[in-house]
Amino acid sequence: MKYKKLISTFLMVVSFIFILSSCGDGGGSAEGNFNGSVDISGKLLAPDGQTPIAGAVVYVPKVTSQQDSSPIFIQSSTQCESPPEQYIAATCTAADGSFSLKVNVTGNKLTLKFKKGAFKKVLSVDLKSSKLNLGNVNLPSDPDQGAPKMAVVTGWYDAIQNVLAKLGFGSVSSGQLDLGTEKFDLYDGNGYLDDAKYPNFDTLFVDNDGNGKPDIYNYDIVFINCGNDYEDSILTDSSKISIIRDYVEQGGRLYVTDLSYDFVEQVFPEFIDFYGSDSVPENNPENRNEAEVGNGGITTEADVLDNTMADWLVTVSCVDSSDNSVDCIDTSTKKVHIEGFLSGWVVINGPHPSHVSDVKIWVKGEVSWSSGSGVKPLTVSFSVGKGKVLYTSYHTEPGYSINGLLPQERILQYLVFF
């Protein structure tokens, strides 16, 4: 009997030692404690849970308790901005939103941060294995969770609010934003919104909340749709022009489409040479509405000049004006089909000579206007101070109900995050 008890005790001790050794191999424990490397992967998507986010920086921030060591930036098929703080490992998301990085950690939790333009997300990750696949990671639509605060000014043409809603910043019915579901602030630029629910465009230049600055400064991004009723009152007021310029210089992002181009020309005249009087000095704005000379009814097979955008367009779905599925881009030529040019669309000649290196041309195409035809820039951007300005000549949204997205809508969706 004693012999059997000794054998039983011996087996219990051996089992206990085996369990301890299994938990102490440096690769993790039942509680998820690590002292080694972890492979992290996943895919970053827009708030809609479908649209991939290309060229976002994904990184593990450095904490004060960590020893000084050279940070590791994992090379990716795309490029992205550097992390805005000290980090121990980082990478960029690929065209399809995928990412992977290896990081040395100690502990059972890890903070992972994502940043693309004005968009941010922070994840606290529980470590349970040396290989961690996060699956789909959606950027937030709520500013309280890391989404930028956005204002959209309505216009007679285009409806950027619909493009944003299709990205997950609101509910959509028959291709249109369901008013009241938007995760951004709508401002009435053409008298079509309920005054009891939505403020007018000009209130952006008033300090309604008493914080000492006009309300435009409350937003990370301001979208101005094509054609609105406030150009005369805003763009003839030097104080309002100064406010717009200072807003961008202080870090704001301004997105303008088609007939609203004077919110670029009158405020930032030195960057873009719009069609008009060649004798006007670069730093002086030309006469308003002078560049509205494009021929209506045309289409173009436009060149996408940014490789990451071109690769991204392969990963998303598009439709034509009849809502039939089409390729977003011709992969052999890197051309996209752009339609919906109405008479009087705005023609860009190109960057002004002194700012060629400051202006990025994203899309250009063969078009025609009142006095000629040729290849012209159609989507451009530039930085001013800490902020950015984006302008597109063509309509970014069809103006009629389709459930899918035209290639030109996809281009704007991509640039929402630049």
# chains A, B, ... in the order shown; residues from 1 in each chain; ligands from 1
call {"tool": "residues_around", "arguments": {"residues": "Ser242 in chain A", "least_positions_apart": "4", "cutoff": "12 Å", "atoms": "only C-alpha atoms", "output": "PDB file with C-alpha atoms, in the first residue's frame"}}
result
ATOM      1  CA  PHE A 205     -17.504  81.800 -40.164  1.00  0.00           C
ATOM      2  CA  PRO A 214     -15.185  80.723 -36.052  1.00  0.00           C
ATOM      3  CA  ILE A 234     -18.130  84.748 -48.680  1.00  0.00           C
ATOM      4  CA  LEU A 235     -15.618  85.275 -51.483  1.00  0.00           C
ATOM      5  CA  THR A 236     -16.096  89.057 -51.608  1.00  0.00           C
ATOM      6  CA  ASP A 237     -15.370  89.315 -47.882  1.00  0.00           C
ATOM      7  CA  SER A 238     -11.615  89.513 -47.252  1.00  0.00           C
ATOM      8  CA  ASP A 246      -5.762  80.308 -41.901  1.00  0.00           C
ATOM      9  CA  TYR A 247      -7.979  77.280 -41.228  1.00  0.00           C
ATOM     10  CA  VAL A 248      -5.959  75.248 -43.740  1.00  0.00           C
ATOM     11  CA  GLU A 249      -2.602  76.653 -42.648  1.00  0.00           C
ATOM     12  CA  GLN A 250      -3.417  75.593 -39.084  1.00  0.00           C
ATOM     13  CA  PHE A 263     -12.893  78.604 -52.916  1.00  0.00           C
ATOM     14  CA  GLN A 266      -9.677  83.187 -54.552  1.00  0.00           C
ATOM     15  CA  VAL A 267      -8.067  81.854 -51.361  1.00  0.00           C
ATOM     16  CA  PHE A 268      -4.948  80.070 -52.664  1.00  0.00           C
TER      17      PHE A 268
END
call {"tool": "select_by_dssp", "arguments": {"residues": "range 113-329 of chain A", "states": "alpha helix (DSSP H)", "output": "CSV table (one decimal) with C-alpha atoms, in the first residue's frame"}}
result
chain,number,residue,atom,x,y,z
A,160,ILE,CA,-20.2,64.3,-51.3
A,161,GLN,CA,-22.5,63.4,-48.4
A,162,ASN,CA,-23.7,60.4,-50.4
A,163,VAL,CA,-20.1,59.3,-51.1
A,164,LEU,CA,-19.3,59.5,-47.4
A,231,GLU,CA,-20.0,82.5,-53.1
A,232,ASP,CA,-20.8,86.2,-53.4
A,233,SER,CA,-21.2,86.8,-49.7
A,234,ILE,CA,-18.1,84.7,-48.7
A,235,LEU,CA,-15.6,85.3,-51.5
A,238,SER,CA,-11.6,89.5,-47.3
A,239,SER,CA,-12.0,88.5,-43.6
A,240,LYS,CA,-13.8,85.2,-44.6
A,241,ILE,CA,-11.1,84.5,-47.2
A,242,SER,CA,-8.5,85.0,-44.5
A,243,ILE,CA,-10.4,82.6,-42.2
A,244,ILE,CA,-10.4,79.9,-44.9
A,245,ARG,CA,-6.7,80.2,-45.6
A,246,ASP,CA,-5.8,80.3,-41.9
A,247,TYR,CA,-8.0,77.3,-41.2
A,248,VAL,CA,-6.0,75.2,-43.7
A,249,GLU,CA,-2.6,76.7,-42.6
A,262,ASP,CA,-13.2,79.8,-56.5
A,263,PHE,CA,-12.9,78.6,-52.9
A,264,VAL,CA,-9.5,77.5,-54.1
A,265,GLU,CA,-8.7,80.2,-56.7
A,307,ASN,CA,0.5,54.0,-58.3
A,308,THR,CA,-1.1,53.2,-54.9
A,309,MET,CA,-4.4,54.7,-56.0
A,310,ALA,CA,-4.2,52.7,-59.2
A,311,ASP,CA,-3.5,49.5,-57.2
A,312,TRP,CA,-6.3,50.3,-54.8
A,313,LEU,CA,-8.8,50.7,-57.5
A,314,VAL,CA,-8.2,47.1,-58.6
A,315,THR,CA,-9.3,46.0,-55.1
call {"tool": "closest_atom_pairs", "arguments": {"of": "range 178-294 of chain A", "to": "range 137-146 of chain A", "cutoff": "12 Å", "atoms": "only C-alpha atoms", "output": "tab-separated table"}}
result
residue	atom	partner	partner_atom	distance
A:Thr181	CA	A:Ser141	CA	11.4
A:Glu182	CA	A:Ser141	CA	9.5
A:Lys183	CA	A:Asp142	CA	6.4
A:Phe184	CA	A:Asp142	CA	8.6
A:Asp185	CA	A:Pro143	CA	11.2
A:Asn218	CA	A:Pro143	CA	11.6
A:Tyr219	CA	A:Pro143	CA	10.2
A:Asp220	CA	A:Pro143	CA	10.0
A:Ile221	CA	A:Pro143	CA	11.8
call {"tool": "write_last_selection", "arguments": {"atoms": "N, CA and C atoms", "output": "CSV table (one decimal), in the first residue's frame"}}
result
chain,number,residue,atom,x,y,z
A,181,THR,N,-28.9,60.4,-40.3
A,181,THR,CA,-28.0,59.3,-39.9
A,181,THR,C,-26.5,59.6,-40.1
A,182,GLU,N,-26.2,60.8,-40.6
A,182,GLU,CA,-24.8,61.2,-41.0
A,182,GLU,C,-24.0,61.3,-39.7
A,183,LYS,N,-22.7,60.9,-39.9
A,183,LYS,CA,-21.7,61.0,-38.8
A,183,LYS,C,-20.8,62.2,-39.0
A,184,PHE,N,-21.3,63.2,-39.7
A,184,PHE,CA,-20.7,64.4,-40.0
A,184,PHE,C,-21.7,65.5,-39.9
A,185,ASP,N,-21.3,66.8,-39.9
A,185,ASP,CA,-22.2,67.9,-39.9
A,185,ASP,C,-22.5,68.4,-41.2
A,218,ASN,N,-13.5,74.1,-35.9
A,218,ASN,CA,-13.9,72.9,-35.1
A,218,ASN,C,-13.8,71.6,-35.9
A,219,TYR,N,-13.5,71.7,-37.2
A,219,TYR,CA,-13.5,70.6,-38.1
A,219,TYR,C,-12.1,70.2,-38.6
A,220,ASP,N,-11.9,68.9,-38.8
A,220,ASP,CA,-10.7,68.4,-39.4
A,220,ASP,C,-10.7,68.5,-40.9
A,221,ILE,N,-11.9,68.3,-41.4
A,221,ILE,CA,-12.1,68.3,-42.9
A,221,ILE,C,-13.4,69.1,-43.2
call {"tool": "residues_around", "arguments": {"residues": "Gly189 in chain A", "least_positions_apart": "3", "cutoff": "9 Å", "atoms": "only C-alpha atoms", "output": "number ranges by chain"}}
result
A: 153-156, 192-193, 200-202, 224-225, 227-230
call {"tool": "residues_around", "arguments": {"residues": "Tyr255 in chain A", "least_positions_apart": "5", "cutoff": "8 Å", "atoms": "only C-alpha atoms", "output": "ChimeraX atom specification"}}
result
/A:221-224,389-391
call {"tool": "residues_around", "arguments": {"residues": "Gly296 in chain A", "least_positions_apart": "6", "cutoff": "10 Å", "atoms": "only C-alpha atoms", "output": "ChimeraX atom specification"}}
result
/A:339-345,368-370
call {"tool": "write_last_selection", "arguments": {"atoms": "C-alpha atoms", "output": "PDB file, in the first residue's frame"}}
result
ATOM      1  CA  GLU A 339     -18.431  60.722 -66.988  1.00  0.00           C
ATOM      2  CA  GLY A 340     -20.965  63.323 -65.909  1.00  0.00           C
ATOM      3  CA  PHE A 341     -19.240  66.453 -67.233  1.00  0.00           C
ATOM      4  CA  LEU A 342     -21.908  69.154 -67.408  1.00  0.00           C
ATOM      5  CA  SER A 343     -21.550  72.280 -69.513  1.00  0.00           C
ATOM      6  CA  GLY A 344     -19.323  74.840 -67.814  1.00  0.00           C
ATOM      7  CA  TRP A 345     -17.200  72.456 -65.761  1.00  0.00           C
ATOM      8  CA  SER A 368     -12.536  69.632 -74.479  1.00  0.00           C
ATOM      9  CA  TRP A 369     -13.633  73.160 -73.632  1.00  0.00           C
ATOM     10  CA  SER A 370     -15.009  76.250 -75.355  1.00  0.00           C
TER      11      SER A 370
END
call {"tool": "atom_distance", "arguments": {"atom1": "CA of Lys149 in chain A", "atom2": "CA of Arg253 in chain A"}}
result
10.8 Å
call {"tool": "residues_around", "arguments": {"residues": "Val60 in chain A", "least_positions_apart": "2", "cutoff": "7 Å", "atoms": "only C-alpha atoms", "output": "list in words"}}
result
Lys62, Tyr87, Ile88, Ala89, Ala90, Thr111, Leu112 and Lys113 of chain A
call {"tool": "atom_distance", "arguments": {"atom1": "CA of Thr300 in chain A", "atom2": "CA of Val336 in chain A"}}
result
8.0 Å
call {"tool": "select_by_dssp", "arguments": {"residues": "range 339-379 of chain A", "states": "strand (DSSP E)", "output": "ChimeraX atom specification"}}
result
/A:348-351,359-369,372-379
call {"tool": "atom_distance", "arguments": {"atom1": "CA of Asn190 in chain A", "atom2": "CA of Ser173 in chain A"}}
result
21.8 Å
call {"tool": "closest_residue", "arguments": {"among": "A:Pro61, A:Gly276, A:Pro351, A:Gly42", "to": "Asn136 in chain A", "atoms": "only C-alpha atoms"}}
result
A:Gly42
call {"tool": "residues_around", "arguments": {"residues": "range 327-331 of chain A", "least_positions_apart": "2", "cutoff": "6 Å", "atoms": "only C-alpha atoms", "output": "PyMOL selection string"}}
result
chain A and resi 313+318+333-336+407
call {"tool": "decode", "arguments": {"residues": "range 123-157 of chain A", "atoms": "N, CA, C and O atoms", "output": "mmCIF file, in the first residue's frame"}}
result
data_model
loop_
_atom_site.group_PDB
_atom_site.id
_atom_site.type_symbol
_atom_site.label_atom_id
_atom_site.label_comp_id
_atom_site.auth_asym_id
_atom_site.auth_seq_id
_atom_site.Cartn_x
_atom_site.Cartn_y
_atom_site.Cartn_z
ATOM 1 N N LEU A 123 -6.099 50.223 -30.894
ATOM 2 C CA LEU A 123 -6.551 48.914 -30.444
ATOM 3 C C LEU A 123 -5.702 48.457 -29.262
ATOM 4 O O LEU A 123 -4.480 48.553 -29.297
ATOM 5 N N SER A 124 -6.347 47.956 -28.231
ATOM 6 C CA SER A 124 -5.659 47.281 -27.141
ATOM 7 C C SER A 124 -5.829 45.786 -27.367
ATOM 8 O O SER A 124 -6.956 45.272 -27.361
ATOM 9 N N VAL A 125 -4.719 45.101 -27.605
ATOM 10 C CA VAL A 125 -4.764 43.710 -28.035
ATOM 11 C C VAL A 125 -4.322 42.790 -26.907
ATOM 12 O O VAL A 125 -3.278 43.013 -26.277
ATOM 13 N N ASP A 126 -5.112 41.751 -26.622
ATOM 14 C CA ASP A 126 -4.725 40.709 -25.673
ATOM 15 C C ASP A 126 -3.863 39.689 -26.403
ATOM 16 O O ASP A 126 -4.262 39.163 -27.449
ATOM 17 N N LEU A 127 -2.694 39.405 -25.849
ATOM 18 C CA LEU A 127 -1.768 38.470 -26.471
ATOM 19 C C LEU A 127 -2.032 37.063 -25.953
ATOM 20 O O LEU A 127 -1.874 36.783 -24.769
ATOM 21 N N LYS A 128 -2.437 36.198 -26.857
ATOM 22 C CA LYS A 128 -2.735 34.813 -26.499
ATOM 23 C C LYS A 128 -1.923 33.826 -27.324
ATOM 24 O O LYS A 128 -1.992 32.625 -27.098
ATOM 25 N N SER A 129 -1.186 34.339 -28.286
ATOM 26 C CA SER A 129 -0.390 33.474 -29.149
ATOM 27 C C SER A 129 0.718 34.302 -29.767
ATOM 28 O O SER A 129 0.625 35.527 -29.860
ATOM 29 N N SER A 130 1.776 33.634 -30.213
ATOM 30 C CA SER A 130 2.871 34.343 -30.877
ATOM 31 C C SER A 130 2.513 34.721 -32.308
ATOM 32 O O SER A 130 3.245 35.447 -32.968
ATOM 33 N N LYS A 131 1.383 34.229 -32.811
ATOM 34 C CA LYS A 131 0.851 34.640 -34.112
ATOM 35 C C LYS A 131 -0.563 35.164 -33.900
ATOM 36 O O LYS A 131 -1.428 34.433 -33.413
ATOM 37 N N LEU A 132 -0.769 36.416 -34.242
ATOM 38 C CA LEU A 132 -2.041 37.072 -33.950
ATOM 39 C C LEU A 132 -2.626 37.667 -35.229
ATOM 40 O O LEU A 132 -2.080 38.629 -35.779
ATOM 41 N N ASN A 133 -3.701 37.087 -35.719
ATOM 42 C CA ASN A 133 -4.408 37.610 -36.891
ATOM 43 C C ASN A 133 -5.654 38.349 -36.409
ATOM 44 O O ASN A 133 -6.577 37.737 -35.866
ATOM 45 N N LEU A 134 -5.668 39.656 -36.588
ATOM 46 C CA LEU A 134 -6.771 40.481 -36.096
ATOM 47 C C LEU A 134 -7.978 40.463 -37.015
ATOM 48 O O LEU A 134 -9.026 41.019 -36.673
ATOM 49 N N GLY A 135 -7.826 39.877 -38.214
ATOM 50 C CA GLY A 135 -8.934 39.890 -39.166
ATOM 51 C C GLY A 135 -9.181 41.295 -39.674
ATOM 52 O O GLY A 135 -8.256 42.089 -39.854
ATOM 53 N N ASN A 136 -10.446 41.643 -39.897
ATOM 54 C CA ASN A 136 -10.808 42.978 -40.376
ATOM 55 C C ASN A 136 -10.836 43.974 -39.217
ATOM 56 O O ASN A 136 -11.459 43.722 -38.194
ATOM 57 N N VAL A 137 -10.153 45.084 -39.418
ATOM 58 C CA VAL A 137 -10.141 46.174 -38.440
ATOM 59 C C VAL A 137 -10.777 47.389 -39.105
ATOM 60 O O VAL A 137 -10.259 47.897 -40.107
ATOM 61 N N ASN A 138 -11.908 47.849 -38.603
ATOM 62 C CA ASN A 138 -12.629 48.968 -39.204
ATOM 63 C C ASN A 138 -12.238 50.291 -38.556
ATOM 64 O O ASN A 138 -12.213 50.400 -37.328
ATOM 65 N N LEU A 139 -11.955 51.281 -39.374
ATOM 66 C CA LEU A 139 -11.779 52.621 -38.843
ATOM 67 C C LEU A 139 -13.101 53.101 -38.260
ATOM 68 O O LEU A 139 -14.176 52.738 -38.755
ATOM 69 N N PRO A 140 -13.070 53.940 -37.238
ATOM 70 C CA PRO A 140 -14.320 54.408 -36.624
ATOM 71 C C PRO A 140 -15.003 55.473 -37.465
ATOM 72 O O PRO A 140 -14.361 56.196 -38.226
ATOM 73 N N SER A 141 -16.313 55.552 -37.332
ATOM 74 C CA SER A 141 -17.077 56.627 -37.978
ATOM 75 C C SER A 141 -17.403 57.743 -37.006
ATOM 76 O O SER A 141 -17.787 58.838 -37.408
ATOM 77 N N ASP A 142 -17.230 57.470 -35.721
ATOM 78 C CA ASP A 142 -17.569 58.424 -34.661
ATOM 79 C C ASP A 142 -16.325 59.229 -34.270
ATOM 80 O O ASP A 142 -15.294 58.648 -33.926
ATOM 81 N N PRO A 143 -16.395 60.579 -34.317
ATOM 82 C CA PRO A 143 -15.249 61.405 -33.906
ATOM 83 C C PRO A 143 -14.774 61.126 -32.483
ATOM 84 O O PRO A 143 -13.592 61.300 -32.185
ATOM 85 N N ASP A 144 -15.664 60.674 -31.604
ATOM 86 C CA ASP A 144 -15.271 60.366 -30.239
ATOM 87 C C ASP A 144 -14.384 59.128 -30.160
ATOM 88 O O ASP A 144 -13.751 58.875 -29.133
ATOM 89 N N GLN A 145 -14.325 58.364 -31.256
ATOM 90 C CA GLN A 145 -13.529 57.140 -31.270
ATOM 91 C C GLN A 145 -12.339 57.233 -32.218
ATOM 92 O O GLN A 145 -11.675 56.229 -32.482
ATOM 93 N N GLY A 146 -12.074 58.417 -32.767
ATOM 94 C CA GLY A 146 -10.903 58.585 -33.615
ATOM 95 C C GLY A 146 -11.171 59.059 -35.021
ATOM 96 O O GLY A 146 -10.239 59.386 -35.762
ATOM 97 N N ALA A 147 -12.426 59.094 -35.443
ATOM 98 C CA ALA A 147 -12.745 59.634 -36.763
ATOM 99 C C ALA A 147 -12.585 61.159 -36.740
ATOM 100 O O ALA A 147 -12.792 61.787 -35.702
ATOM 101 N N PRO A 148 -12.196 61.754 -37.849
ATOM 102 C CA PRO A 148 -12.106 63.218 -37.869
ATOM 103 C C PRO A 148 -13.486 63.843 -37.813
ATOM 104 O O PRO A 148 -14.483 63.220 -38.191
ATOM 105 N N LYS A 149 -13.532 65.065 -37.344
ATOM 106 C CA LYS A 149 -14.802 65.791 -37.359
ATOM 107 C C LYS A 149 -14.917 66.472 -38.719
ATOM 108 O O LYS A 149 -14.040 67.242 -39.117
ATOM 109 N N MET A 150 -16.002 66.160 -39.426
ATOM 110 C CA MET A 150 -16.149 66.611 -40.808
ATOM 111 C C MET A 150 -17.399 67.469 -40.981
ATOM 112 O O MET A 150 -18.439 67.212 -40.369
ATOM 113 N N ALA A 151 -17.274 68.496 -41.848
ATOM 114 C CA ALA A 151 -18.408 69.331 -42.243
ATOM 115 C C ALA A 151 -18.574 69.216 -43.749
ATOM 116 O O ALA A 151 -17.592 69.232 -44.498
ATOM 117 N N VAL A 152 -19.809 69.079 -44.196
ATOM 118 C CA VAL A 152 -20.117 68.993 -45.625
ATOM 119 C C VAL A 152 -21.097 70.100 -45.976
ATOM 120 O O VAL A 152 -22.170 70.208 -45.375
ATOM 121 N N VAL A 153 -20.708 70.925 -46.964
ATOM 122 C CA VAL A 153 -21.577 72.004 -47.444
ATOM 123 C C VAL A 153 -22.291 71.520 -48.699
ATOM 124 O O VAL A 153 -21.648 71.138 -49.684
ATOM 125 N N THR A 154 -23.613 71.514 -48.666
ATOM 126 C CA THR A 154 -24.369 71.029 -49.821
ATOM 127 C C THR A 154 -24.272 72.011 -50.983
ATOM 128 O O THR A 154 -23.959 73.194 -50.799
ATOM 129 N N GLY A 155 -24.523 71.506 -52.199
ATOM 130 C CA GLY A 155 -24.464 72.336 -53.395
ATOM 131 C C GLY A 155 -25.505 71.900 -54.410
ATOM 132 O O GLY A 155 -26.235 70.922 -54.210
ATOM 133 N N TRP A 156 -25.560 72.605 -55.523
ATOM 134 C CA TRP A 156 -26.520 72.298 -56.557
ATOM 135 C C TRP A 156 -26.154 71.026 -57.318
ATOM 136 O O TRP A 156 -27.007 70.349 -57.873
ATOM 137 N N TYR A 157 -24.875 70.735 -57.358
ATOM 138 C CA TYR A 157 -24.400 69.540 -58.038
ATOM 139 C C TYR A 157 -23.451 68.795 -57.095
ATOM 140 O O TYR A 157 -22.892 69.371 -56.171
#
